[in-house]
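To be precise, the following lines are my_file_8.pdb, and they hold PDB, C-alpha atoms.
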```pdb
ATOM      1  CA  MET A  17       5.332  -4.994 -25.304  1.00  0.00           C
ATOM      2  CA  SER A  18       3.881  -7.798 -27.422  1.00  0.00           C
ATOM      3  CA  HIS A  19       0.149  -8.435 -27.599  1.00  0.00           C
ATOM      4  CA  TYR A  20       0.749 -11.700 -25.727  1.00  0.00           C
ATOM      5  CA  HIS A  21       2.492 -10.017 -22.786  1.00  0.00           C
ATOM      6  CA  ALA A  22      -0.006  -7.169 -22.687  1.00  0.00           C
ATOM      7  CA  ARG A  23      -2.861  -9.662 -22.653  1.00  0.00           C
ATOM      8  CA  THR A  24      -1.233 -11.794 -19.942  1.00  0.00           C
ATOM      9  CA  SER A  25      -0.439  -8.867 -17.654  1.00  0.00           C
ATOM     10  CA  VAL A  26      -3.949  -7.385 -18.025  1.00  0.00           C
ATOM     11  CA  LEU A  27      -5.519 -10.790 -17.387  1.00  0.00           C
ATOM     12  CA  VAL A  28      -3.348 -11.524 -14.309  1.00  0.00           C
ATOM     13  CA  GLY A  29      -3.856  -8.006 -12.884  1.00  0.00           C
ATOM     14  CA  MET A  30      -7.622  -8.109 -13.390  1.00  0.00           C
ATOM     15  CA  THR A  31      -7.934 -11.637 -12.002  1.00  0.00           C
ATOM     16  CA  ILE A  32      -6.207 -10.510  -8.764  1.00  0.00           C
ATOM     17  CA  HIS A  33      -8.423  -7.435  -8.706  1.00  0.00           C
ATOM     18  CA  THR A  34     -11.651  -9.433  -9.123  1.00  0.00           C
ATOM     19  CA  PHE A  35     -10.524 -11.957  -6.493  1.00  0.00           C
ATOM     20  CA  PHE A  36     -10.398  -9.067  -4.019  1.00  0.00           C
ATOM     21  CA  ASP A  37     -13.845  -7.935  -5.225  1.00  0.00           C
ATOM     22  CA  GLY A  38     -15.076 -11.279  -3.915  1.00  0.00           C
ATOM     23  CA  VAL A  39     -13.098 -10.846  -0.672  1.00  0.00           C
ATOM     24  CA  ALA A  40     -14.750  -7.437  -0.197  1.00  0.00           C
ATOM     25  CA  ILE A  41     -18.306  -8.777  -0.727  1.00  0.00           C
ATOM     26  CA  ALA A  42     -17.832 -11.676   1.705  1.00  0.00           C
ATOM     27  CA  ALA A  43     -16.057  -9.519   4.333  1.00  0.00           C
ATOM     28  CA  GLY A  44     -18.948  -7.044   4.200  1.00  0.00           C
ATOM     29  CA  PHE A  45     -21.538  -9.772   4.744  1.00  0.00           C
ATOM     30  CA  LEU A  46     -19.523 -11.219   7.635  1.00  0.00           C
ATOM     31  CA  VAL A  47     -20.008  -7.865   9.416  1.00  0.00           C
ATOM     32  CA  SER A  48     -23.665  -7.192   8.504  1.00  0.00           C
ATOM     33  CA  THR A  49     -26.238  -7.532   5.735  1.00  0.00           C
ATOM     34  CA  TRP A  50     -26.149  -3.751   5.224  1.00  0.00           C
ATOM     35  CA  LEU A  51     -22.372  -3.526   4.744  1.00  0.00           C
ATOM     36  CA  GLY A  52     -22.363  -6.565   2.467  1.00  0.00           C
ATOM     37  CA  ALA A  53     -25.148  -5.081   0.336  1.00  0.00           C
ATOM     38  CA  VAL A  54     -23.481  -1.678  -0.146  1.00  0.00           C
ATOM     39  CA  ILE A  55     -20.148  -3.313  -1.000  1.00  0.00           C
ATOM     40  CA  PHE A  56     -21.920  -5.642  -3.447  1.00  0.00           C
ATOM     41  CA  PHE A  57     -23.434  -2.630  -5.276  1.00  0.00           C
ATOM     42  CA  ALA A  58     -20.010  -0.970  -5.350  1.00  0.00           C
ATOM     43  CA  VAL A  59     -18.484  -4.080  -6.890  1.00  0.00           C
ATOM     44  CA  PHE A  60     -21.364  -4.727  -9.288  1.00  0.00           C
ATOM     45  CA  LEU A  61     -21.241  -1.207 -10.765  1.00  0.00           C
ATOM     46  CA  HIS A  62     -17.822  -1.888 -12.248  1.00  0.00           C
ATOM     47  CA  LYS A  63     -18.318  -5.558 -13.120  1.00  0.00           C
ATOM     48  CA  LEU A  64     -19.678  -4.923 -16.626  1.00  0.00           C
ATOM     49  CA  PRO A  65     -16.782  -2.587 -17.541  1.00  0.00           C
ATOM     50  CA  GLU A  66     -14.295  -5.176 -16.156  1.00  0.00           C
ATOM     51  CA  GLY A  67     -15.665  -7.949 -18.351  1.00  0.00           C
ATOM     52  CA  PHE A  68     -15.828  -5.516 -21.267  1.00  0.00           C
ATOM     53  CA  THR A  69     -12.174  -4.463 -20.793  1.00  0.00           C
ATOM     54  CA  VAL A  70     -10.689  -7.928 -20.489  1.00  0.00           C
ATOM     55  CA  ALA A  71     -12.679  -9.285 -23.452  1.00  0.00           C
ATOM     56  CA  SER A  72     -11.574  -6.284 -25.563  1.00  0.00           C
ATOM     57  CA  VAL A  73      -7.915  -6.886 -24.699  1.00  0.00           C
ATOM     58  CA  VAL A  74      -8.179 -10.588 -25.573  1.00  0.00           C
ATOM     59  CA  LEU A  75      -9.860  -9.782 -28.915  1.00  0.00           C
ATOM     60  CA  ALA A  76      -7.260  -7.091 -29.654  1.00  0.00           C
ATOM     61  CA  SER A  77      -4.454  -9.609 -29.070  1.00  0.00           C
ATOM     62  CA  GLY A  78      -5.793 -11.705 -31.957  1.00  0.00           C
ATOM     63  CA  GLN A  79      -7.691 -14.338 -29.978  1.00  0.00           C
ATOM     64  CA  GLY A  80     -11.173 -15.511 -30.909  1.00  0.00           C
ATOM     65  CA  LYS A  81     -14.552 -14.626 -29.430  1.00  0.00           C
ATOM     66  CA  ARG A  82     -14.624 -17.857 -27.408  1.00  0.00           C
ATOM     67  CA  ASN A  83     -11.394 -16.949 -25.592  1.00  0.00           C
ATOM     68  CA  ALA A  84     -12.710 -13.419 -24.958  1.00  0.00           C
ATOM     69  CA  ILE A  85     -15.782 -14.847 -23.212  1.00  0.00           C
ATOM     70  CA  LEU A  86     -13.599 -17.368 -21.328  1.00  0.00           C
ATOM     71  CA  ALA A  87     -11.358 -14.542 -20.071  1.00  0.00           C
ATOM     72  CA  ALA A  88     -14.413 -12.639 -18.800  1.00  0.00           C
ATOM     73  CA  GLY A  89     -15.584 -15.894 -17.198  1.00  0.00           C
ATOM     74  CA  LEU A  90     -12.193 -16.287 -15.475  1.00  0.00           C
ATOM     75  CA  LEU A  91     -12.774 -12.939 -13.745  1.00  0.00           C
ATOM     76  CA  GLY A  92     -16.139 -14.230 -12.547  1.00  0.00           C
ATOM     77  CA  VAL A  93     -14.536 -17.422 -11.199  1.00  0.00           C
ATOM     78  CA  ALA A  94     -11.915 -15.345  -9.326  1.00  0.00           C
ATOM     79  CA  THR A  95     -14.711 -13.277  -7.742  1.00  0.00           C
ATOM     80  CA  VAL A  96     -16.529 -16.394  -6.533  1.00  0.00           C
ATOM     81  CA  ALA A  97     -13.210 -17.832  -5.245  1.00  0.00           C
ATOM     82  CA  GLY A  98     -12.687 -14.628  -3.207  1.00  0.00           C
ATOM     83  CA  VAL A  99     -16.191 -14.950  -1.709  1.00  0.00           C
ATOM     84  CA  VAL A 100     -15.733 -18.642  -0.840  1.00  0.00           C
ATOM     85  CA  LEU A 101     -12.248 -18.211   0.659  1.00  0.00           C
ATOM     86  CA  THR A 102     -13.220 -15.210   2.804  1.00  0.00           C
ATOM     87  CA  SER A 103     -16.476 -16.815   3.972  1.00  0.00           C
ATOM     88  CA  SER A 104     -14.498 -19.832   5.157  1.00  0.00           C
ATOM     89  CA  LEU A 105     -11.971 -17.649   7.020  1.00  0.00           C
ATOM     90  CA  GLU A 106     -14.473 -15.916   9.262  1.00  0.00           C
ATOM     91  CA  GLY A 107     -11.933 -15.522  12.102  1.00  0.00           C
ATOM     92  CA  GLN A 108      -9.715 -13.400   9.858  1.00  0.00           C
ATOM     93  CA  LEU A 109     -12.353 -10.699   9.400  1.00  0.00           C
ATOM     94  CA  LYS A 110     -10.192  -8.091  11.123  1.00  0.00           C
ATOM     95  CA  TYR A 111      -7.752  -8.462   8.205  1.00  0.00           C
ATOM     96  CA  ALA A 112     -10.265  -9.075   5.414  1.00  0.00           C
ATOM     97  CA  LEU A 113     -12.360  -5.956   6.042  1.00  0.00           C
ATOM     98  CA  PRO A 114      -9.490  -3.401   6.055  1.00  0.00           C
ATOM     99  CA  LEU A 115      -8.112  -5.174   2.985  1.00  0.00           C
ATOM    100  CA  SER A 116     -11.426  -4.793   1.198  1.00  0.00           C
ATOM    101  CA  GLY A 117     -11.438  -1.094   2.199  1.00  0.00           C
ATOM    102  CA  GLY A 118      -8.055  -0.759   0.528  1.00  0.00           C
ATOM    103  CA  VAL A 119      -9.326  -2.596  -2.559  1.00  0.00           C
ATOM    104  CA  THR A 120     -12.351  -0.336  -2.860  1.00  0.00           C
ATOM    105  CA  LEU A 121     -10.294   2.821  -2.399  1.00  0.00           C
ATOM    106  CA  TYR A 122      -7.585   1.683  -4.777  1.00  0.00           C
ATOM    107  CA  VAL A 123      -9.917   0.601  -7.578  1.00  0.00           C
ATOM    108  CA  ALA A 124     -11.975   3.801  -7.376  1.00  0.00           C
ATOM    109  CA  ALA A 125      -9.021   6.198  -7.136  1.00  0.00           C
ATOM    110  CA  THR A 126      -6.461   4.646  -9.492  1.00  0.00           C
ATOM    111  CA  ASP A 127      -8.518   2.616 -11.981  1.00  0.00           C
ATOM    112  CA  LEU A 128     -11.929   4.221 -12.351  1.00  0.00           C
ATOM    113  CA  LEU A 129     -11.327   7.944 -11.778  1.00  0.00           C
ATOM    114  CA  PRO A 130      -8.499   8.294 -14.366  1.00  0.00           C
ATOM    115  CA  GLU A 131     -10.763   6.529 -16.863  1.00  0.00           C
ATOM    116  CA  VAL A 132     -13.619   8.894 -15.996  1.00  0.00           C
ATOM    117  CA  ASN A 133     -11.332  11.932 -16.328  1.00  0.00           C
ATOM    118  CA  ARG A 134     -10.537  11.043 -19.949  1.00  0.00           C
ATOM    119  CA  GLU A 135     -14.055  12.137 -20.782  1.00  0.00           C
ATOM    120  CA  PRO A 136     -14.156  15.924 -20.371  1.00  0.00           C
ATOM    121  CA  HIS A 137     -17.943  16.228 -20.366  1.00  0.00           C
ATOM    122  CA  TRP A 138     -19.581  17.753 -17.250  1.00  0.00           C
ATOM    123  CA  ARG A 139     -22.027  14.846 -17.212  1.00  0.00           C
ATOM    124  CA  MET A 140     -19.242  12.525 -16.022  1.00  0.00           C
ATOM    125  CA  ALA A 141     -18.420  14.726 -13.025  1.00  0.00           C
ATOM    126  CA  LEU A 142     -22.101  14.872 -12.179  1.00  0.00           C
ATOM    127  CA  LEU A 143     -22.331  11.065 -12.283  1.00  0.00           C
ATOM    128  CA  VAL A 144     -19.395  10.743  -9.854  1.00  0.00           C
ATOM    129  CA  PHE A 145     -21.246  13.004  -7.420  1.00  0.00           C
ATOM    130  CA  ALA A 146     -24.448  11.039  -8.085  1.00  0.00           C
ATOM    131  CA  GLY A 147     -22.545   7.907  -7.027  1.00  0.00           C
ATOM    132  CA  VAL A 148     -21.545   9.530  -3.725  1.00  0.00           C
ATOM    133  CA  VAL A 149     -25.038  10.879  -3.101  1.00  0.00           C
ATOM    134  CA  SER A 150     -26.690   7.539  -3.937  1.00  0.00           C
ATOM    135  CA  LEU A 151     -24.858   5.880  -1.016  1.00  0.00           C
ATOM    136  CA  LEU A 152     -25.942   8.657   1.332  1.00  0.00           C
ATOM    137  CA  ILE A 153     -29.558   8.263   0.158  1.00  0.00           C
ATOM    138  CA  MET A 154     -29.351   4.492   0.685  1.00  0.00           C
ATOM    139  CA  ARG A 155     -28.012   5.101   4.198  1.00  0.00           C
ATOM    140  CA  TYR A 156     -30.861   7.480   4.931  1.00  0.00           C
ATOM    141  CA  LEU A 157     -33.537   5.123   3.560  1.00  0.00           C
ATOM    142  CA  PHE A 158     -32.349   1.695   4.649  1.00  0.00           C
ATOM    143  CA  HIS A 159     -29.679   1.906   7.348  1.00  0.00           C
ATOM    144  CA  VAL A 160     -31.133   2.152  10.831  1.00  0.00           C
TER     145      VAL A 160
ATOM    146  CA  MET B  29     -36.277  -3.345   6.510  1.00  0.00           C
ATOM    147  CA  LEU B  30     -34.364  -6.321   5.137  1.00  0.00           C
ATOM    148  CA  LEU B  31     -30.988  -4.564   5.242  1.00  0.00           C
ATOM    149  CA  ALA B  32     -31.420  -3.242   8.754  1.00  0.00           C
ATOM    150  CA  MET B  33     -32.421  -6.582  10.249  1.00  0.00           C
ATOM    151  CA  GLY B  34     -29.861  -8.689  12.074  1.00  0.00           C
ATOM    152  CA  HIS B  35     -29.412 -11.977  10.240  1.00  0.00           C
ATOM    153  CA  ASP B  36     -27.584 -15.077  11.328  1.00  0.00           C
ATOM    154  CA  LEU B  37     -24.219 -15.906   9.860  1.00  0.00           C
ATOM    155  CA  GLY B  38     -25.528 -18.780   7.726  1.00  0.00           C
ATOM    156  CA  PHE B  39     -28.029 -16.498   5.986  1.00  0.00           C
ATOM    157  CA  ARG B  40     -25.412 -13.799   5.370  1.00  0.00           C
ATOM    158  CA  THR B  41     -22.900 -16.338   4.025  1.00  0.00           C
ATOM    159  CA  ALA B  42     -25.527 -17.713   1.619  1.00  0.00           C
ATOM    160  CA  LEU B  43     -26.385 -14.156   0.540  1.00  0.00           C
ATOM    161  CA  ALA B  44     -22.685 -13.399  -0.040  1.00  0.00           C
ATOM    162  CA  ALA B  45     -22.359 -16.548  -2.173  1.00  0.00           C
ATOM    163  CA  GLY B  46     -25.478 -15.703  -4.192  1.00  0.00           C
ATOM    164  CA  LEU B  47     -24.488 -12.099  -4.812  1.00  0.00           C
ATOM    165  CA  GLY B  48     -20.923 -13.242  -5.579  1.00  0.00           C
ATOM    166  CA  LEU B  49     -22.408 -15.293  -8.416  1.00  0.00           C
ATOM    167  CA  VAL B  50     -24.436 -12.271  -9.600  1.00  0.00           C
ATOM    168  CA  ALA B  51     -21.236 -10.181  -9.603  1.00  0.00           C
ATOM    169  CA  ALA B  52     -19.454 -12.928 -11.548  1.00  0.00           C
ATOM    170  CA  ALA B  53     -22.301 -12.913 -14.073  1.00  0.00           C
ATOM    171  CA  GLY B  54     -21.677  -9.159 -14.495  1.00  0.00           C
ATOM    172  CA  ASN B  55     -18.173  -9.962 -15.796  1.00  0.00           C
ATOM    173  CA  LEU B  56     -19.572 -12.472 -18.277  1.00  0.00           C
ATOM    174  CA  ILE B  57     -22.247 -10.044 -19.500  1.00  0.00           C
ATOM    175  CA  GLY B  58     -19.559  -7.374 -20.048  1.00  0.00           C
ATOM    176  CA  GLY B  59     -17.537  -9.868 -22.124  1.00  0.00           C
ATOM    177  CA  TYR B  60     -20.640 -10.935 -24.052  1.00  0.00           C
ATOM    178  CA  PHE B  61     -21.376  -7.348 -25.115  1.00  0.00           C
ATOM    179  CA  VAL B  62     -17.860  -6.912 -26.486  1.00  0.00           C
ATOM    180  CA  VAL B  63     -18.174 -10.030 -28.593  1.00  0.00           C
ATOM    181  CA  HIS B  64     -21.587  -9.088 -29.964  1.00  0.00           C
ATOM    182  CA  LYS B  65     -20.782  -5.364 -30.420  1.00  0.00           C
ATOM    183  CA  ASP B  66     -24.289  -4.091 -29.841  1.00  0.00           C
ATOM    184  CA  TRP B  67     -23.578  -2.230 -26.598  1.00  0.00           C
ATOM    185  CA  PRO B  68     -23.262   1.550 -26.680  1.00  0.00           C
ATOM    186  CA  ARG B  69     -19.813   2.159 -25.145  1.00  0.00           C
ATOM    187  CA  LYS B  70     -20.954   5.461 -23.705  1.00  0.00           C
ATOM    188  CA  PHE B  71     -22.991   3.573 -21.113  1.00  0.00           C
ATOM    189  CA  LEU B  72     -19.844   1.880 -19.794  1.00  0.00           C
ATOM    190  CA  GLN B  73     -18.319   5.293 -19.110  1.00  0.00           C
ATOM    191  CA  TYR B  74     -21.459   6.227 -17.195  1.00  0.00           C
ATOM    192  CA  PHE B  75     -21.245   3.022 -15.156  1.00  0.00           C
ATOM    193  CA  LEU B  76     -17.590   3.785 -14.370  1.00  0.00           C
ATOM    194  CA  ALA B  77     -18.329   7.348 -13.246  1.00  0.00           C
ATOM    195  CA  LEU B  78     -21.239   6.268 -11.044  1.00  0.00           C
ATOM    196  CA  GLY B  79     -19.184   3.368  -9.695  1.00  0.00           C
ATOM    197  CA  ALA B  80     -16.171   5.591  -8.891  1.00  0.00           C
ATOM    198  CA  GLY B  81     -18.228   8.019  -6.782  1.00  0.00           C
ATOM    199  CA  TYR B  82     -20.162   5.232  -5.100  1.00  0.00           C
ATOM    200  CA  MET B  83     -17.028   3.199  -4.276  1.00  0.00           C
ATOM    201  CA  LEU B  84     -15.223   6.203  -2.781  1.00  0.00           C
ATOM    202  CA  ALA B  85     -18.257   6.904  -0.603  1.00  0.00           C
ATOM    203  CA  VAL B  86     -18.511   3.231   0.457  1.00  0.00           C
ATOM    204  CA  ALA B  87     -14.808   3.149   1.386  1.00  0.00           C
ATOM    205  CA  PHE B  88     -14.800   6.402   3.372  1.00  0.00           C
ATOM    206  CA  VAL B  89     -18.276   6.266   4.927  1.00  0.00           C
ATOM    207  CA  GLU B  90     -18.733   2.534   5.578  1.00  0.00           C
ATOM    208  CA  VAL B  91     -15.744   0.229   5.228  1.00  0.00           C
ATOM    209  CA  ILE B  92     -12.882   2.227   6.766  1.00  0.00           C
ATOM    210  CA  PRO B  93     -14.849   3.358   9.878  1.00  0.00           C
ATOM    211  CA  GLU B  94     -16.092  -0.234  10.351  1.00  0.00           C
ATOM    212  CA  SER B  95     -12.512  -1.553   9.992  1.00  0.00           C
ATOM    213  CA  VAL B  96     -11.237   0.890  12.601  1.00  0.00           C
ATOM    214  CA  ARG B  97     -14.086  -0.107  14.920  1.00  0.00           C
ATOM    215  CA  LEU B  98     -13.261  -3.784  14.391  1.00  0.00           C
ATOM    216  CA  SER B  99      -9.499  -3.839  14.644  1.00  0.00           C
ATOM    217  CA  GLY B 100      -8.289  -0.375  15.628  1.00  0.00           C
ATOM    218  CA  ALA B 101      -5.911   2.008  13.937  1.00  0.00           C
ATOM    219  CA  THR B 102      -3.683  -0.782  12.595  1.00  0.00           C
ATOM    220  CA  SER B 103      -6.455  -1.578  10.100  1.00  0.00           C
ATOM    221  CA  LEU B 104      -5.776   1.784   8.452  1.00  0.00           C
ATOM    222  CA  CYS B 105      -2.255   0.577   7.688  1.00  0.00           C
ATOM    223  CA  THR B 106      -3.738  -2.543   6.084  1.00  0.00           C
ATOM    224  CA  CYS B 107      -6.210  -0.466   4.103  1.00  0.00           C
ATOM    225  CA  LEU B 108      -3.748   2.018   2.765  1.00  0.00           C
ATOM    226  CA  ASN B 109      -0.372   0.296   2.799  1.00  0.00           C
ATOM    227  CA  ILE B 110      -0.868  -3.229   1.502  1.00  0.00           C
ATOM    228  CA  ARG B 111      -3.171  -2.307  -1.348  1.00  0.00           C
ATOM    229  CA  TRP B 112      -1.346   0.777  -2.495  1.00  0.00           C
ATOM    230  CA  ARG B 113       2.129  -0.749  -2.336  1.00  0.00           C
ATOM    231  CA  ARG B 114       1.897  -4.414  -3.218  1.00  0.00           C
ATOM    232  CA  ILE B 115      -0.957  -4.425  -5.685  1.00  0.00           C
ATOM    233  CA  PHE B 116       0.238  -1.195  -7.263  1.00  0.00           C
ATOM    234  CA  ILE B 117       3.551  -2.909  -8.006  1.00  0.00           C
ATOM    235  CA  LEU B 118       1.813  -6.073  -9.249  1.00  0.00           C
ATOM    236  CA  GLU B 119      -0.601  -4.295 -11.536  1.00  0.00           C
ATOM    237  CA  LYS B 120       1.424  -1.342 -12.772  1.00  0.00           C
ATOM    238  CA  ARG B 121       4.968  -2.688 -13.245  1.00  0.00           C
ATOM    239  CA  PRO B 122       4.407  -4.410 -16.616  1.00  0.00           C
ATOM    240  CA  THR B 123       3.006  -1.277 -18.209  1.00  0.00           C
ATOM    241  CA  ALA B 124       5.757   0.919 -16.689  1.00  0.00           C
ATOM    242  CA  LYS B 125       8.375  -0.985 -18.747  1.00  0.00           C
ATOM    243  CA  ARG B 126       6.805  -0.028 -22.033  1.00  0.00           C
TER     244      ARG B 126
END
```
Any chance you could give the structure as structure tokens?
Amino acid sequence: MSHYHARTSVLVGMTIHTFFDGVAIAAGFLVSTWLGAVIFFAVFLHKLPEGFTVASVVLASGQGKRNAILAAGLLGVATVAGVVLTSSLEGQLKYALPLSGGVTLYVAATDLLPEVNREPHWRMALLVFAGVVSLLIMRYLFHV
Amino acid sequence: MLLAMGHDLGFRTALAAGLGLVAAAGNLIGGYFVVHKDWPRKFLQYFLALGAGYMLAVAFVEVIPESVRLSGATSLCTCLNIRWRRIFILEKRPTAKR
């Protein structure tokens, strides 16, 4: 696959992905402040790596630094578009929320975990468990 | 507690928009660090690991039970089927041809 096609497919795939990040945040807030906040943290934790990945791919395909930043910015625009669209479709919450559940599950299980498993160090496994436990602690402290 | 309080829809929509912008800024910051090459890559792996565990917990403990409460068992089909089939094909097909 050429650099151009690799770059295009990564950019299209990640733009769709980040659009659904926005859908997930807005769907959460349509239900409650609590659900919106926990989904926001889930999304935010992988936002830096997303921008990092897409900018790396654009640089590796021979494009300049400006295009790398623009590609990362495109992901941000897609996220905001997902928030705006879902907020305006409040009546469709019964579809948006299960969809955002699928997005969250899919991204964690098929994108993040394989990446984490490349690093054999025990510290990585511990951090995955820390992620799980941090939600439970947040529930205990803030969710009445 | 702020998170436990019931807020009206207008407030929650504004909060979603604001935090959507913060999330979007996260993408830009990630891109910025690549361009300026002063970011220890190890930290990204740590973010990914923490994010993976946290997202799995959010999906199983919060979002899926809330979806089932909201729209019944059919929401499980939406959760599992649409994402895993359609988006899997969209995102993975180009790399499978290599």
What separation in Å, quoted to one decimal, exists between CA of Pro65 (chain A) and CA of Glu90 (chain B)? 23.8 Å
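A straight line drawn from CA of Phe56 (chain A) to CA of Ile41 (chain A) is 5.5 Å long.
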Could you check the closest approach to Leu98 (chain B) for each of A:Ala124, A:Leu46, A:Leu109, A:Ala71 and tell me which residue wins, using all atoms listed in the file? A:Leu109
What's the 12 Å shell around Ala42 (chain B), counting only C-alpha atoms, without same-chain residues fewer than 3 positions away, as a ChimeraX atom specification? /A:41-42,45-46,49,52,99-100,103-104 /B:35-39,45-49
Just checking: using only C-alpha atoms, which residue out of A:Gln79, A:Ser150, A:Gln108, A:Thr31 ends up closest to chain B? A:Ser150
Using the chain letters and numbers from the file, which residues does the PyMOL selection byres ((chain A and resi 121) around 9) grab, as a PyMOL selection string? (chain A and resi 116-120+122-126) or (chain B and resi 83-84+86-88+107-108+111)
Could you write out the selected residues, including C-alpha atoms, as a PDB file, keeping the file's coordinate frame?
```
ATOM      1  CA  SER A 116     -11.426  -4.793   1.198  1.00  0.00           C
ATOM      2  CA  GLY A 117     -11.438  -1.094   2.199  1.00  0.00           C
ATOM      3  CA  GLY A 118      -8.055  -0.759   0.528  1.00  0.00           C
ATOM      4  CA  VAL A 119      -9.326  -2.596  -2.559  1.00  0.00           C
ATOM      5  CA  THR A 120     -12.351  -0.336  -2.860  1.00  0.00           C
ATOM      6  CA  TYR A 122      -7.585   1.683  -4.777  1.00  0.00           C
ATOM      7  CA  VAL A 123      -9.917   0.601  -7.578  1.00  0.00           C
ATOM      8  CA  ALA A 124     -11.975   3.801  -7.376  1.00  0.00           C
ATOM      9  CA  ALA A 125      -9.021   6.198  -7.136  1.00  0.00           C
ATOM     10  CA  THR A 126      -6.461   4.646  -9.492  1.00  0.00           C
TER      11      THR A 126
ATOM     12  CA  MET B  83     -17.028   3.199  -4.276  1.00  0.00           C
ATOM     13  CA  LEU B  84     -15.223   6.203  -2.781  1.00  0.00           C
ATOM     14  CA  VAL B  86     -18.511   3.231   0.457  1.00  0.00           C
ATOM     15  CA  ALA B  87     -14.808   3.149   1.386  1.00  0.00           C
ATOM     16  CA  PHE B  88     -14.800   6.402   3.372  1.00  0.00           C
ATOM     17  CA  CYS B 107      -6.210  -0.466   4.103  1.00  0.00           C
ATOM     18  CA  LEU B 108      -3.748   2.018   2.765  1.00  0.00           C
ATOM     19  CA  ARG B 111      -3.171  -2.307  -1.348  1.00  0.00           C
TER      20      ARG B 111
END
```
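Here the question is which of A:Ala84, A:Ile32, A:Ile55, A:Val74 gets nearest to Tyr60 (chain B) using only C-alpha atoms, and that residue is A:Ala84.
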Selected by the PyMOL selection byres ((chain A and resi 129-136) around 10) in the shown coordinates: which residues, as a ChimeraX atom specification? /A:123-128,137-141,143-144 /B:73-81,84
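Straight-line separation from CA of Ala44 (chain B) to CA of Gly44 (chain A): 8.5 Å.
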Closest of A:Ala58, A:Val73, A:Leu51, A:Leu105 to Thr24 (chain A), counting all atoms listed in the file, is A:Val73
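Closest approach to chain B from the set A:Gly80, A:Gly98, A:Gly107, A:Gly89 is made by A:Gly89, with distances taken over all atoms listed in the file.
Under the PyMOL selection byres ((chain B and resi 63) around 8), the matching residues in the shown file are A:Ala71, A:Lys81, A:Ala84, A:Ile85, B:Gly59, B:Tyr60, B:Phe61, B:Val62, B:His64, B:Lys65.
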What does the file look like for those residues with C-alpha atoms, as a short mmCIF file (atom, residue, chain, number, x, y, z; two decimals), in the frame of the given file?
```
data_model
loop_
_atom_site.label_atom_id
_atom_site.label_comp_id
_atom_site.auth_asym_id
_atom_site.auth_seq_id
_atom_site.Cartn_x
_atom_site.Cartn_y
_atom_site.Cartn_z
CA ALA A 71 -12.68 -9.28 -23.45
CA LYS A 81 -14.55 -14.63 -29.43
CA ALA A 84 -12.71 -13.42 -24.96
CA ILE A 85 -15.78 -14.85 -23.21
CA GLY B 59 -17.54 -9.87 -22.12
CA TYR B 60 -20.64 -10.94 -24.05
CA PHE B 61 -21.38 -7.35 -25.12
CA VAL B 62 -17.86 -6.91 -26.49
CA HIS B 64 -21.59 -9.09 -29.96
CA LYS B 65 -20.78 -5.36 -30.42
#
```
Neighbour residues at most 9 Å from (-18.4, -10.4, -11.5) (only C-alpha atoms) as a VMD selection string: (chain A and resid 34 37 to 38 59 to 60 62 to 64 66 to 67 88 to 89 91 to 96) or (chain B and resid 48 to 57)
